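To start, the structure under review is shown below, and the notes come after it.
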Amino acid sequence: MLKLRSSGLSCGVCANFRIPIPRCYMNSITTSSIDVKPKVPLYLRPPSFSASLSELTKWHKWAKNLASSVGSSFINLDNGPDSTLLRRELNWLLQDLIELQHRSVILSRLESGNNENPDVSVALRAPLEEMYCVWRQRIEKRRPFQYVVGCEHWRDLVLSVQEGVLIPRPETEVIIDLVEGVALNNAPELAQGFWADLGTGTGAIAIATARALATHAHGDACGRVIATDLSPVAVAVATSNVQRYGLQDVVQVRKGSWFEPLKDVQGKLAGVLSNPPYIPSGDISGLQAEVGQHEPILALDGGISGTNDLLHLIDGVASMLKPGGFFAFETNGEMQCKFLVEYIENEKPGSFCDMNIVSDFAGIQRFVMGFRR
């Protein structure tokens, strides 16, 4: 499985690090009941299926031809993926599908068209019938590739993701850079406090923040993260990701809307982070099909101006952060960033200091950050 890969959607410590939770923390912070069983990503499934090399070759040629038939039509339609990217995704899909031991040999033979020993059996993590179905969904229904394989590569993490949960984007990684490069460098004591990731989705921000806190911790004291989400699917997926990285003693996932599950830590938080819904309602219909038709509207639609949830976060963070606490929120771009800064200056005078607007990897002003006075 490739370490890093991007499917073109628009818009630290070791994984088993654990710190015991004090009894008072365990009593006050409990994981919400989970009603949804998260799906297992393709690359983590056991290789319980098989197909002959000739059958796999037939499927590969069909899938490659289907990808090539797209040409640039999706780009012209809504800036979607072109055939080159889709063929690259097909290679990634094969890497996740074929069992590890003979993967490189099989991939080489598929690419070269070598028909030697066509009846040799190839161990697979899913039946070919399923692969025909999911690849047709990828092309004809524009189902996101991350939902097809059940995971997304983000920073140094491989996160489970499925329908009903927002796919983490590369630009959101900047929030972790701000946690490490700004908050923890300027105020090292924040590494020992409680942090919150609001609207956690896959748990990406929460997990990466917990790992960052551990690397900046002094002695045995280390910060902890509370991740909240209103979606039961997101709660299940985030909890699964937290457990897979061995951080269940450091990251707690709670079901609820924004600050509602955090009443017991009001005024005590060292940091509040969020990538909330920020797309204006009128722009949803024009989104890339992979996004607008498949990702959860709850995680996308920010109201008429796109700032409904952002304003709610700004209003709440003043009372949730302890003095000196840090916040960082992702936005839709320059206009929203400037609007939020002006709102804070006019409606929350004297509440925050060292506020700044930070650009993403593409140079777009994307993030608003600051400290509680």
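By order of appearance in the structure tokens: chains A, B, ..., then residues from 1 within every chain, and ligands from 1 in the order shown.
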
As number ranges by chain, please: every residue in range 43-203 of chain A that DSSP puts in alpha helix (DSSP H). A: 53-68, 73-78, 83-97, 103-112, 128-140, 145-149, 173-178, 185-186

If you measure from CA of Phe259 in chain A to CA of Phe329 in chain A, what distance in Å do you get, rounded to one decimal?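 We find that CA of Phe259 in chain A and CA of Phe329 in chain A lie 14.3 Å from each other.
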
Given only C-alpha atoms, how would the per-residue table for range 141-250 of chain A near range 356-366 of chain A read, listing every residue at most 10 Å away with its closest atom pair and distance in Å to one decimal, sorted by chain and number, as CSV?
```
residue,atom,partner,partner_atom,distance
A:Pro170,CA,A:Phe361,CA,8.4
A:Glu171,CA,A:Asp360,CA,5.7
A:Thr172,CA,A:Asp360,CA,8.1
A:Glu173,CA,A:Asp360,CA,8.9
A:Val174,CA,A:Asp360,CA,6.6
A:Ile175,CA,A:Asp360,CA,9.4
A:Leu178,CA,A:Val358,CA,9.0
```

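Of the listed residues (A:Glu330, A:Glu140, A:Asp309, A:Glu129), A:Glu330 comes nearest to Arg169 in chain A; the distances count only C-alpha atoms.
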
Can you pull out the residues contacting Leu107 in chain A? Cut-off 9 Å, using only C-alpha atoms, and skip same-chain residues under 6 positions away; I want them as an MDAnalysis selection string. chainID A and resid 91 94:95 98

May I have the residues from that selection written out with N, CA, C and O atoms, as a JSON list (two decimals), in the first residue's frame?
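Below is the file that was written, out-v6.json:
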```
[["chain", "number", "residue", "atom", "x", "y", "z"],
["A", 91, "ASN", "N", -4.49, 1.40, -9.86],
["A", 91, "ASN", "CA", -3.27, 0.75, -9.36],
["A", 91, "ASN", "C", -3.26, 0.69, -7.84],
["A", 91, "ASN", "O", -2.84, -0.31, -7.26],
["A", 94, "LEU", "N", -5.56, -2.07, -6.73],
["A", 94, "LEU", "CA", -4.92, -3.37, -6.88],
["A", 94, "LEU", "C", -3.94, -3.64, -5.74],
["A", 94, "LEU", "O", -3.86, -4.76, -5.23],
["A", 95, "GLN", "N", -3.21, -2.62, -5.34],
["A", 95, "GLN", "CA", -2.25, -2.80, -4.24],
["A", 95, "GLN", "C", -2.95, -3.17, -2.94],
["A", 95, "GLN", "O", -2.44, -3.96, -2.15],
["A", 98, "ILE", "N", -4.61, -7.15, -3.56],
["A", 98, "ILE", "CA", -3.78, -8.35, -3.67],
["A", 98, "ILE", "C", -2.98, -8.56, -2.39],
["A", 98, "ILE", "O", -2.42, -7.62, -1.82]]
```

From a DSSP pass on the backbone, collect the residues of range 25-219 of chain A flagged as strand (DSSP E or B) and hand them back as a list of chain:residue names.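 So the strand (DSSP E or B) residues in range 25-219 of chain A would be A:Phe49, A:Ser50, A:Ala51, A:Ser52, A:Ile98, A:Ser121, A:Val122, A:Ala123, A:Leu124, A:Cys151, A:Glu152, A:His153, A:Trp154, A:Leu157, A:Val158, A:Leu159, A:Ser160, A:Phe194, A:Trp195, A:Ala196, A:Asp197, A:Leu198.
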
Measuring between only C-alpha atoms, which one of A:Pro118, A:Pro38, A:Pro81, A:Gly286 shows the shortest distance to Ala51 in chain A?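 Counting only C-alpha atoms, the residue closest to Ala51 in chain A is A:Pro118.
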
Pick from A:Gln293, A:Ser108, A:Ser68, A:Ser351: nearest to Ile314 in chain A, with only C-alpha atoms counted?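 Among A:Gln293, A:Ser108, A:Ser68, A:Ser351, it is A:Ser351 that comes nearest to Ile314 in chain A.
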
Out of A:Arg372, A:Asn186, A:Phe194, A:Asn241, which residue has the shortest atom-to-atom distance to Ile207 in chain A when counting only C-alpha atoms?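 Under the stated criterion, the closest residue is A:Asn241.
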